[in-house]
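Chemist: start-v5.pdb is reproduced below (PDB, C-alpha atoms).
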ATOM      1  CA  MET A 336       9.554  21.584 -15.669
ATOM      2  CA  ASN A 337      12.657  21.387 -17.850
ATOM      3  CA  LEU A 338      13.170  19.050 -20.799
ATOM      4  CA  GLN A 339      15.262  16.550 -18.855
ATOM      5  CA  THR A 340      12.687  16.176 -16.093
ATOM      6  CA  ARG A 341       9.888  15.704 -18.644
ATOM      7  CA  ALA A 342      11.952  13.047 -20.406
ATOM      8  CA  SER A 343      12.557  11.302 -17.067
ATOM      9  CA  PHE A 344       8.828  11.283 -16.336
ATOM     10  CA  LYS A 345       8.146   9.783 -19.750
ATOM     11  CA  LYS A 346      10.839   7.156 -19.308
ATOM     12  CA  GLU A 347       9.565   6.127 -15.856
ATOM     13  CA  LEU A 348       5.940   6.074 -16.955
ATOM     14  CA  LEU A 349       6.682   3.963 -20.042
ATOM     15  CA  ALA A 350       8.782   1.569 -17.950
ATOM     16  CA  TYR A 351       5.884   1.260 -15.506
ATOM     17  CA  LEU A 352       3.306   0.595 -18.221
ATOM     18  CA  ARG A 353       5.241  -1.499 -20.731
ATOM     19  CA  THR A 354       6.571  -3.921 -18.147
ATOM     20  CA  HIS A 355       2.933  -4.440 -17.036
ATOM     21  CA  ARG A 356       3.824  -3.669 -13.413
ATOM     22  CA  PHE A 357       1.109  -1.003 -13.400
ATOM     23  CA  LEU A 358      -1.471  -3.589 -14.444
ATOM     24  CA  VAL A 359      -0.231  -6.307 -12.094
ATOM     25  CA  ILE A 360      -0.134  -4.034  -9.034
ATOM     26  CA  GLY A 361      -3.562  -2.607  -9.819
ATOM     27  CA  LEU A 362      -5.203  -5.970 -10.443
ATOM     28  CA  SER A 363      -3.538  -7.473  -7.364
ATOM     29  CA  ILE A 364      -4.834  -4.764  -5.039
ATOM     30  CA  LEU A 365      -8.272  -4.839  -6.663
ATOM     31  CA  GLY A 366      -8.405  -8.629  -6.531
ATOM     32  CA  LEU A 367      -7.469  -8.723  -2.846
ATOM     33  CA  ALA A 368     -10.104  -6.120  -2.001
ATOM     34  CA  ILE A 369     -12.875  -7.930  -3.876
ATOM     35  CA  PHE A 370     -11.864 -11.398  -2.663
ATOM     36  CA  SER A 371     -11.968 -10.423   1.001
ATOM     37  CA  PRO A 372     -15.727  -9.742   1.448
ATOM     38  CA  LEU A 373     -16.549 -12.681  -0.823
ATOM     39  CA  LEU A 374     -14.427 -14.930   1.406
ATOM     40  CA  ILE A 375     -16.204 -13.742   4.545
ATOM     41  CA  ALA A 376     -19.633 -14.198   2.968
ATOM     42  CA  GLY A 377     -18.618 -17.645   1.742
ATOM     43  CA  MET A 378     -17.447 -18.643   5.210
ATOM     44  CA  GLY A 379     -20.787 -17.594   6.660
ATOM     45  CA  SER A 380     -22.721 -19.586   4.045
ATOM     46  CA  PHE A 381     -20.479 -22.614   4.548
ATOM     47  CA  MET A 382     -20.941 -22.596   8.318
ATOM     48  CA  TYR A 383     -24.698 -22.144   7.926
ATOM     49  CA  ALA A 384     -24.923 -25.056   5.480
ATOM     50  CA  PHE A 385     -23.098 -27.424   7.848
ATOM     51  CA  SER A 386     -24.631 -26.141  11.077
ATOM     52  CA  ASP A 387     -27.547 -28.652  11.136
ATOM     53  CA  PHE A 388     -25.634 -31.916  10.890
ATOM     54  CA  TYR A 389     -22.063 -31.036  11.883
ATOM     55  CA  TYR A 390     -21.812 -28.240  14.416
ATOM     56  CA  ASP A 391     -24.984 -29.343  16.254
ATOM     57  CA  GLU A 392     -23.565 -32.844  16.701
ATOM     58  CA  MET A 393     -20.446 -31.308  18.231
ATOM     59  CA  GLY A 394     -22.564 -29.223  20.570
ATOM     60  CA  MET A 395     -21.463 -25.934  18.996
ATOM     61  CA  ASP A 396     -23.854 -23.042  18.438
ATOM     62  CA  VAL A 397     -22.518 -21.032  15.497
ATOM     63  CA  THR A 398     -25.692 -19.033  14.875
ATOM     64  CA  GLU A 399     -24.311 -15.833  16.347
ATOM     65  CA  MET A 400     -21.060 -16.133  14.393
ATOM     66  CA  VAL A 401     -22.912 -16.831  11.136
ATOM     67  CA  ASP A 402     -25.171 -13.828  11.706
ATOM     68  CA  MET A 403     -22.144 -11.642  12.333
ATOM     69  CA  LEU A 404     -20.366 -12.830   9.165
ATOM     70  CA  GLY A 405     -23.396 -12.140   7.015
ATOM     71  CA  SER A 406     -24.730  -9.004   8.628
ATOM     72  CA  THR A 407     -23.057  -5.696   7.720
ATOM     73  CA  THR A 408     -20.847  -4.260   5.005
ATOM     74  CA  ALA A 409     -18.471  -2.820   7.619
ATOM     75  CA  ILE A 410     -17.014  -6.284   8.163
ATOM     76  CA  GLY A 411     -16.375  -6.805   4.460
ATOM     77  CA  VAL A 412     -14.850  -3.364   3.884
ATOM     78  CA  ALA A 413     -12.663  -3.551   7.017
ATOM     79  CA  SER A 414     -11.423  -6.963   5.907
ATOM     80  CA  ALA A 415     -10.627  -5.525   2.471
ATOM     81  CA  VAL A 416      -8.567  -2.786   4.125
ATOM     82  CA  GLU A 417      -6.626  -5.426   6.046
ATOM     83  CA  TRP A 418      -5.807  -7.331   2.853
ATOM     84  CA  ILE A 419      -4.819  -4.183   0.966
ATOM     85  CA  VAL A 420      -2.438  -2.877   3.642
ATOM     86  CA  GLY A 421      -1.125  -6.378   4.329
ATOM     87  CA  ALA A 422      -0.695  -8.562   1.261
ATOM     88  CA  GLY A 423      -1.111  -5.577  -1.070
ATOM     89  CA  VAL A 424       1.920  -3.821   0.394
ATOM     90  CA  ILE A 425       4.055  -6.932  -0.067
ATOM     91  CA  VAL A 426       3.013  -7.322  -3.715
ATOM     92  CA  MET A 427       3.702  -3.648  -4.391
ATOM     93  CA  ILE A 428       7.153  -3.723  -2.776
ATOM     94  CA  VAL A 429       8.255  -6.775  -4.742
ATOM     95  CA  LEU A 430       7.042  -5.367  -8.057
ATOM     96  CA  LEU A 431       8.768  -2.012  -7.470
ATOM     97  CA  ASN A 432      12.193  -3.612  -7.038
ATOM     98  CA  ARG A 433      13.393  -2.538 -10.471
ATOM     99  CA  ALA A 434      12.523   1.104  -9.829
ATOM    100  CA  ALA A 435      13.917   0.951  -6.288
ATOM    101  CA  GLY A 436      17.558   0.400  -7.170
ATOM    102  CA  GLY A 437      17.239  -2.675  -9.359
ATOM    103  CA  GLU A 438      18.157  -0.736 -12.490
ATOM    104  CA  GLN A 439      21.280   0.594 -10.770
ATOM    105  CA  LYS A 440      22.459  -2.920 -10.119
ATOM    106  CA  LYS A 441      22.154  -3.633 -13.854
ATOM    107  CA  ARG A 442      24.280  -0.544 -14.639
ATOM    108  CA  ALA A 443      21.355   0.995 -16.540
ATOM    109  CA  VAL A 444      21.986   4.508 -15.208
ATOM    110  CA  ILE A 445      25.722   4.879 -15.785
ATOM    111  CA  ILE A 446      25.518   6.071 -19.393
ATOM    112  CA  PRO A 447      22.601   8.481 -18.755
ATOM    113  CA  LYS A 448      24.450   9.977 -15.787
ATOM    114  CA  SER A 449      27.624  10.258 -17.807
ATOM    115  CA  ALA A 450      25.590  12.124 -20.432
ATOM    116  CA  GLY A 451      24.399  14.643 -17.843
ATOM    117  CA  LEU A 452      21.310  13.127 -16.218
ATOM    118  CA  ARG A 453      20.737  14.981 -12.953
ATOM    119  CA  ASN A 454      19.873  13.040  -9.819
ATOM    120  CA  PHE A 455      16.857  15.259  -9.155
ATOM    121  CA  SER A 456      15.381  14.472 -12.569
ATOM    122  CA  TYR A 457      16.175  10.787 -12.094
ATOM    123  CA  LEU A 458      14.476  10.470  -8.688
ATOM    124  CA  LEU A 459      11.514  12.869  -8.813
ATOM    125  CA  PRO A 460       9.366  10.802 -11.245
ATOM    126  CA  LYS A 461       9.779   7.719  -9.079
ATOM    127  CA  PHE A 462       8.481   9.491  -5.962
ATOM    128  CA  ILE A 463       5.467  10.848  -7.841
ATOM    129  CA  ILE A 464       4.354   8.152 -10.291
ATOM    130  CA  TYR A 465       4.547   5.069  -8.059
ATOM    131  CA  PRO A 466       3.105   6.501  -4.797
ATOM    132  CA  LEU A 467       0.233   8.260  -6.580
ATOM    133  CA  SER A 468      -0.612   5.117  -8.538
ATOM    134  CA  VAL A 469      -0.935   2.973  -5.404
ATOM    135  CA  LEU A 470      -3.070   5.697  -3.784
ATOM    136  CA  PHE A 471      -5.394   5.547  -6.793
ATOM    137  CA  PHE A 472      -5.480   1.738  -6.735
ATOM    138  CA  SER A 473      -6.284   1.660  -3.006
ATOM    139  CA  VAL A 474      -9.206   4.077  -3.257
ATOM    140  CA  VAL A 475     -10.697   2.322  -6.300
ATOM    141  CA  ALA A 476     -10.203  -1.128  -4.740
ATOM    142  CA  LEU A 477     -11.901  -0.158  -1.483
ATOM    143  CA  LEU A 478     -14.848   1.365  -3.339
ATOM    144  CA  ALA A 479     -15.135  -1.888  -5.300
ATOM    145  CA  ALA A 480     -15.002  -3.885  -2.062
ATOM    146  CA  TRP A 481     -17.794  -1.701  -0.680
ATOM    147  CA  GLY A 482     -19.914  -2.364  -3.755
ATOM    148  CA  ILE A 483     -19.369  -6.118  -3.472
ATOM    149  CA  SER A 484     -20.146  -5.982   0.261
ATOM    150  CA  ILE A 485     -23.469  -4.258  -0.428
ATOM    151  CA  LEU A 486     -24.391  -7.162  -2.700
ATOM    152  CA  VAL A 487     -23.372 -10.030  -0.401
ATOM    153  CA  PHE A 488     -24.177  -8.673   3.064
ATOM    154  CA  ASP A 489     -27.584  -7.965   4.569
ATOM    155  CA  THR A 490     -27.125  -4.414   5.859
ATOM    156  CA  ASN A 491     -25.159  -1.501   4.429
ATOM    157  CA  ASP A 492     -23.926   0.465   7.452
ATOM    158  CA  VAL A 493     -20.961   2.195   5.756
ATOM    159  CA  SER A 494     -21.349   5.493   3.908
ATOM    160  CA  PHE A 495     -19.542   6.518   0.751
ATOM    161  CA  SER A 496     -17.608   9.241   2.603
ATOM    162  CA  THR A 497     -16.374   6.735   5.197
ATOM    163  CA  VAL A 498     -15.207   4.329   2.502
ATOM    164  CA  LEU A 499     -13.500   7.160   0.643
ATOM    165  CA  LEU A 500     -11.748   8.319   3.816
ATOM    166  CA  ALA A 501     -10.611   4.779   4.610
ATOM    167  CA  GLY A 502      -9.400   4.373   1.040
ATOM    168  CA  VAL A 503      -7.316   7.535   1.290
ATOM    169  CA  LEU A 504      -5.820   6.430   4.624
ATOM    170  CA  ALA A 505      -4.996   2.987   3.201
ATOM    171  CA  GLY A 506      -3.586   4.617   0.070
ATOM    172  CA  VAL A 507      -1.343   6.967   2.047
ATOM    173  CA  HIS A 508      -0.203   3.929   4.023
ATOM    174  CA  MET A 509       0.784   2.270   0.727
ATOM    175  CA  MET A 510       2.441   5.480  -0.473
ATOM    176  CA  PHE A 511       4.595   5.606   2.653
ATOM    177  CA  TYR A 512       5.943   2.100   2.091
ATOM    178  CA  ALA A 513       6.517   2.817  -1.601
ATOM    179  CA  CYS A 514       8.592   5.904  -0.722
ATOM    180  CA  MET A 515      10.500   4.038   1.981
ATOM    181  CA  HIS A 516      11.327   1.253  -0.487
ATOM    182  CA  LEU A 517      12.385   3.744  -3.169
ATOM    183  CA  THR A 518      14.617   5.584  -0.704
ATOM    184  CA  LEU A 519      16.380   2.506   0.667
ATOM    185  CA  GLY A 520      16.688   0.867  -2.746
ATOM    186  CA  THR A 521      18.037   3.837  -4.683
ATOM    187  CA  ALA A 522      20.340   4.890  -1.847
ATOM    188  CA  THR A 523      21.962   1.467  -1.512
ATOM    189  CA  SER A 524      21.450   0.101  -5.060
ATOM    190  CA  LYS A 525      20.241  -3.086  -3.362
ATOM    191  CA  ALA A 526      16.578  -3.554  -4.170
ATOM    192  CA  GLY A 527      16.408  -7.034  -2.652
ATOM    193  CA  MET A 528      17.706  -5.881   0.709
ATOM    194  CA  SER A 529      15.365  -2.886   0.654
ATOM    195  CA  SER A 530      12.310  -5.027  -0.120
ATOM    196  CA  ALA A 531      13.223  -7.478   2.669
ATOM    197  CA  ILE A 532      13.498  -4.635   5.197
ATOM    198  CA  CYS A 533      10.259  -2.962   4.088
ATOM    199  CA  ILE A 534       8.288  -6.211   4.059
ATOM    200  CA  THR A 535       9.555  -7.138   7.529
ATOM    201  CA  ILE A 536       8.587  -3.713   8.865
ATOM    202  CA  SER A 537       5.153  -3.858   7.219
ATOM    203  CA  ILE A 538       4.455  -7.205   8.909
ATOM    204  CA  LEU A 539       5.947  -6.687  12.356
ATOM    205  CA  LEU A 540       5.313  -3.064  13.319
ATOM    206  CA  PRO A 541       1.545  -2.844  12.638
ATOM    207  CA  THR A 542       1.092  -6.177  14.441
ATOM    208  CA  MET A 543       3.055  -4.905  17.436
ATOM    209  CA  PHE A 544       1.039  -1.690  17.585
ATOM    210  CA  ALA A 545      -2.225  -3.645  17.290
ATOM    211  CA  MET A 546      -1.262  -5.875  20.224
ATOM    212  CA  TYR A 547      -0.990  -2.922  22.581
ATOM    213  CA  THR A 548      -3.458  -0.173  23.360
ATOM    214  CA  MET A 549      -1.840   2.694  21.482
ATOM    215  CA  ASP A 550      -3.038   5.788  19.692
ATOM    216  CA  TYR A 551      -2.886   5.234  15.928
ATOM    217  CA  MET A 552      -2.861   8.952  15.183
ATOM    218  CA  PHE A 553       0.328  10.525  13.803
ATOM    219  CA  ASN A 554       1.935   7.119  13.339
ATOM    220  CA  PRO A 555       2.933   6.320   9.731
ATOM    221  CA  PHE A 556       3.002   2.580  10.419
ATOM    222  CA  THR A 557      -0.584   2.373  11.683
ATOM    223  CA  LEU A 558      -2.521   4.217   8.988
ATOM    224  CA  GLY A 559      -3.860   0.866   7.811
ATOM    225  CA  LEU A 560      -5.142   0.089  11.317
ATOM    226  CA  LEU A 561      -6.617   3.580  11.471
ATOM    227  CA  ALA A 562      -8.436   2.951   8.180
ATOM    228  CA  GLN A 563      -9.920  -0.289   9.576
ATOM    229  CA  THR A 564     -11.021   1.446  12.771
ATOM    230  CA  THR A 565     -12.654   4.204  10.728
ATOM    231  CA  VAL A 566     -14.745   1.686   8.787
ATOM    232  CA  LEU A 567     -15.808  -0.299  11.851
ATOM    233  CA  GLU A 568     -16.723   2.767  13.920
ATOM    234  CA  GLY A 569     -18.743   4.330  11.127
ATOM    235  CA  ALA A 570     -19.414   8.038  11.588
ATOM    236  CA  VAL A 571     -16.405  10.343  11.852
ATOM    237  CA  THR A 572     -16.572  13.485  13.974
ATOM    238  CA  ALA A 573     -15.169  16.838  12.903
ATOM    239  CA  SER A 574     -12.330  16.614  15.439
ATOM    240  CA  GLU A 575     -11.402  13.126  14.217
ATOM    241  CA  LEU A 576     -11.416  14.381  10.631
ATOM    242  CA  ILE A 577      -8.971  17.127  11.605
ATOM    243  CA  ASP A 578      -6.754  14.537  13.309
ATOM    244  CA  PHE A 579      -6.864  12.388  10.167
ATOM    245  CA  GLY A 580      -5.809  15.383   8.096
ATOM    246  CA  ILE A 581      -2.920  16.161  10.426
ATOM    247  CA  SER A 582      -1.814  12.510  10.440
ATOM    248  CA  THR A 583      -1.915  12.399   6.638
ATOM    249  CA  ALA A 584       0.013  15.673   6.343
ATOM    250  CA  PHE A 585       2.623  14.313   8.774
ATOM    251  CA  VAL A 586       3.105  11.150   6.699
ATOM    252  CA  LEU A 587       3.305  13.193   3.484
ATOM    253  CA  GLY A 588       6.023  15.261   5.143
ATOM    254  CA  LEU A 589       7.926  12.050   5.920
ATOM    255  CA  MET A 590       7.631  11.071   2.250
ATOM    256  CA  ALA A 591       9.115  14.408   1.197
ATOM    257  CA  LEU A 592      11.923  13.822   3.684
ATOM    258  CA  ALA A 593      12.468  10.352   2.211
ATOM    259  CA  PHE A 594      12.878  11.915  -1.231
ATOM    260  CA  LEU A 595      15.456  14.372   0.126
ATOM    261  CA  VAL A 596      17.367  11.515   1.775
ATOM    262  CA  ALA A 597      17.386   9.574  -1.512
ATOM    263  CA  LEU A 598      18.557  12.686  -3.370
ATOM    264  CA  PHE A 599      21.338  13.286  -0.856
ATOM    265  CA  ALA A 600      22.466   9.647  -1.146
ATOM    266  CA  GLN A 601      22.530   9.864  -4.951
ATOM    267  CA  ASN A 602      24.506  13.108  -4.882
ATOM    268  CA  ALA A 603      26.994  11.548  -2.467
ATOM    269  CA  LYS A 604      27.708   8.658  -4.814
ATOM    270  CA  ARG A 605      30.679   8.722  -7.138
ATOM    271  CA  VAL A 606      31.178   6.675 -10.272
ATOM    272  CA  ASP A 607      34.264   4.488  -9.885
ATOM    273  CA  ASN A 608      35.834   3.829 -13.299
ATOM    274  CA  THR A 609      38.930   2.039 -12.011
ATOM    275  CA  GLY A 610      39.454  -1.638 -12.651
ATOM    276  CA  ASN A 611      37.851  -3.823 -15.288
ATOM    277  CA  GLU A 612      34.239  -3.097 -14.366
ATOM    278  CA  ILE A 613      32.408   0.179 -14.018
ATOM    279  CA  ARG A 614      30.807   0.379 -10.584
ATOM    280  CA  LEU A 615      28.491   2.926  -9.028
TER     281      LEU A 615
END
Would you kindly transcribe this structure into structure tokens?
Modeler:
Amino acid sequence: MNLQTRASFKKELLAYLRTHRFLVIGLSILGLAIFSPLLIAGMGSFMYAFSDFYYDEMGMDVTEMVDMLGSTTAIGVASAVEWIVGAGVIVMIVLLNRAAGGEQKKRAVIIPKSAGLRNFSYLLPKFIIYPLSVLFFSVVALLAAWGISILVFDTNDVSFSTVLLAGVLAGVHMMFYACMHLTLGTATSKAGMSSAICITISILLPTMFAMYTMDYMFNPFTLGLLAQTTVLEGAVTASELIDFGISTAFVLGLMALAFLVALFAQNAKRVDNTGNEIRL
């Protein structure tokens, strides 16, 4: 790694830490994961408390639903996955706006590029630091959600390996959206437009795939659904584990392709110094 690339890594890492985006993204994902099983357990307790004098008067038997809400950790962990790959993705995309083209809009890269900053050194840290950080946050958050679920639910029917696998799948799902946002944002220098597109895709496409009976394997937009299914089904066979590995490798290949597209777009740009304002 040459001196310029090391300096770019340091710059990107310091910008990530000193602006507290690292802390906010991490705490947001962790908070969503922990809140989810607590919410489900609280709903079960609330329904149980009101079942004698409210639901019985309405002629509703909620015993089975209450038992289901307070029974197994799989429900809590699967719900945590849903929150992470849903609301967590939206939080991450919004907070990565500055890295995904927002700094270009503020003309923060013109002087460094004029001084010889290479596009490869400028982009590579972004596609390593941010995706890997959200992978780490997702795994830690899901393990925390599992621990909370063990405390608040009656039966622990999810193993550590299953939670770890689901955390990796959810993390790769987050990584994919981070790379897609970085590619669109840096290529167009329009972070707001990129975040709007990525958020819309993250909401619509998984919902559409969930509505129809479709295979979630090898689909980058359904890794979150695959993580939920893994938790709810429990044991994973050797053939399924191989399929998970292939699906993950396929998505990682798409991320590498996204980096190459962003690099090509940056190399195709020209600095326009005509007029009264310097424009990229």
Chemist: In Å, how far is it from atom CA of Ala513 of chain A to atom CA of Tyr465 of chain A?
Modeler: 7.1 Å
Chemist: Using Å and a single decimal, report how far atom CA of Ile369 of chain A sits from atom CA of Gly411 of chain A.
Modeler: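 Computing the Euclidean distance for atom CA of Gly411 of chain A and atom CA of Ile369 of chain A yields 9.1 Å.
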Chemist: State, in Å with one decimal place, the distance from atom CA of Leu540 of chain A to atom CA of Leu587 of chain A.
Modeler: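 Here the two named atoms are 19.1 Å from each other.
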Chemist: Of the candidates A:Phe544, A:Phe370, A:Phe471, A:Phe594, which one gets nearest to Ala522 of chain A if we count all atoms listed in the file?
Modeler: A:Phe594
Chemist: Can you work out which one of A:Phe455, A:Leu349, A:Phe556, A:Val498 has the shortest atom-to-atom distance to Met543 of chain A, counting all atoms listed in the file?
Modeler: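 Using all atoms listed in the file, the shortest distance to Met543 of chain A belongs to A:Phe556.
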Chemist: Which residues fall under the PyMOL selection byres ((chain A and resi 501) around 8) in this file, as a CSV table (one decimal) with C-alpha atoms, in the coordinates of the input?
Modeler:
chain,number,residue,atom,x,y,z
A,416,VAL,CA,-8.6,-2.8,4.1
A,477,LEU,CA,-11.9,-0.2,-1.5
A,497,THR,CA,-16.4,6.7,5.2
A,498,VAL,CA,-15.2,4.3,2.5
A,499,LEU,CA,-13.5,7.2,0.6
A,500,LEU,CA,-11.7,8.3,3.8
A,502,GLY,CA,-9.4,4.4,1.0
A,503,VAL,CA,-7.3,7.5,1.3
A,504,LEU,CA,-5.8,6.4,4.6
A,505,ALA,CA,-5.0,3.0,3.2
A,562,ALA,CA,-8.4,3.0,8.2
A,563,GLN,CA,-9.9,-0.3,9.6
A,565,THR,CA,-12.7,4.2,10.7
A,566,VAL,CA,-14.7,1.7,8.8
Chemist: How would you write, as a PDB file with C-alpha atoms, keeping the file's coordinate frame, the residues chosen by the PyMOL selection byres ((chain A and resi 479-491) around 6) on this structure?
Modeler:
ATOM      1  CA  ALA A 368     -10.104  -6.120  -2.001  1.00  0.00           C
ATOM      2  CA  ILE A 369     -12.875  -7.930  -3.876  1.00  0.00           C
ATOM      3  CA  PRO A 372     -15.727  -9.742   1.448  1.00  0.00           C
ATOM      4  CA  GLY A 405     -23.396 -12.140   7.015  1.00  0.00           C
ATOM      5  CA  SER A 406     -24.730  -9.004   8.628  1.00  0.00           C
ATOM      6  CA  THR A 407     -23.057  -5.696   7.720  1.00  0.00           C
ATOM      7  CA  THR A 408     -20.847  -4.260   5.005  1.00  0.00           C
ATOM      8  CA  GLY A 411     -16.375  -6.805   4.460  1.00  0.00           C
ATOM      9  CA  VAL A 412     -14.850  -3.364   3.884  1.00  0.00           C
ATOM     10  CA  ALA A 476     -10.203  -1.128  -4.740  1.00  0.00           C
ATOM     11  CA  LEU A 477     -11.901  -0.158  -1.483  1.00  0.00           C
ATOM     12  CA  LEU A 478     -14.848   1.365  -3.339  1.00  0.00           C
ATOM     13  CA  ASP A 492     -23.926   0.465   7.452  1.00  0.00           C
ATOM     14  CA  VAL A 493     -20.961   2.195   5.756  1.00  0.00           C
TER      15      VAL A 493
END
Chemist: Report the centre and edge lengths, in Å to one decimal, of an axis-aligned box enclosing every atom of segment 568-573 of chain A listed in the file, padded by 8 Å on each side, as lines of an AutoDock Vina configuration file.
Modeler:
center_x = -17.3
center_y = 9.8
center_z = 12.6
size_x = 20.2
size_y = 30.1
size_z = 18.8
Chemist: Do a neighbour search on Thr518 of chain A at 10 Å with only C-alpha atoms, toss out local chain neighbours closer than 2 positions, and write the hits as a list of chain:residue names.
Modeler: A:Ala435, A:Gly436, A:Leu458, A:Lys461, A:Phe462, A:Tyr512, A:Ala513, A:Cys514, A:Met515, A:His516, A:Gly520, A:Thr521, A:Ala522, A:Thr523, A:Ser524, A:Ala526, A:Ser529, A:Met590, A:Leu592, A:Ala593, A:Phe594, A:Leu595, A:Val596, A:Ala597, A:Leu598, A:Ala600, A:Gln601
Chemist: Determine, counting only C-alpha atoms, which protein, DNA and RNA residues have an atom within 12 Å of an atom of Ile581 of chain A; residues of the same chain fewer than 5 positions away are not included. Present the result as a PDB file with C-alpha atoms, in the coordinates of the input.
Modeler:
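Written out: out35.pdb:
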ATOM      1  CA  LEU A 504      -5.820   6.430   4.624  1.00  0.00           C
ATOM      2  CA  MET A 552      -2.861   8.952  15.183  1.00  0.00           C
ATOM      3  CA  PHE A 553       0.328  10.525  13.803  1.00  0.00           C
ATOM      4  CA  ASN A 554       1.935   7.119  13.339  1.00  0.00           C
ATOM      5  CA  PRO A 555       2.933   6.320   9.731  1.00  0.00           C
ATOM      6  CA  SER A 574     -12.330  16.614  15.439  1.00  0.00           C
ATOM      7  CA  GLU A 575     -11.402  13.126  14.217  1.00  0.00           C
ATOM      8  CA  LEU A 576     -11.416  14.381  10.631  1.00  0.00           C
ATOM      9  CA  VAL A 586       3.105  11.150   6.699  1.00  0.00           C
ATOM     10  CA  LEU A 587       3.305  13.193   3.484  1.00  0.00           C
ATOM     11  CA  GLY A 588       6.023  15.261   5.143  1.00  0.00           C
TER      12      GLY A 588
END
Chemist: Taking the file as shown, find all residues satisfying the PyMOL selection byres ((chain A and resi 351-363) around 10) and write them as an MDAnalysis selection string.
Modeler: chainID A and resid 345:350 364:369 419 422:424 426:431 433:434 461 464:465 468:469 471:473 475:476
Chemist: Check the smallest atom-to-atom distance from each of A:Ser496, A:Arg341, A:Ser582, A:Gly421 to Leu539 of chain A using all atoms listed in the file, then report the winner.
Modeler: A:Gly421
Chemist: Measuring between all atoms listed in the file, which one of A:Ile534, A:Ile410, A:Val420, A:Gly437 shows the shortest distance to Gly569 of chain A?
Modeler: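 Between A:Ile534, A:Ile410, A:Val420, A:Gly437, the residue approaching Gly569 of chain A most closely is A:Ile410.
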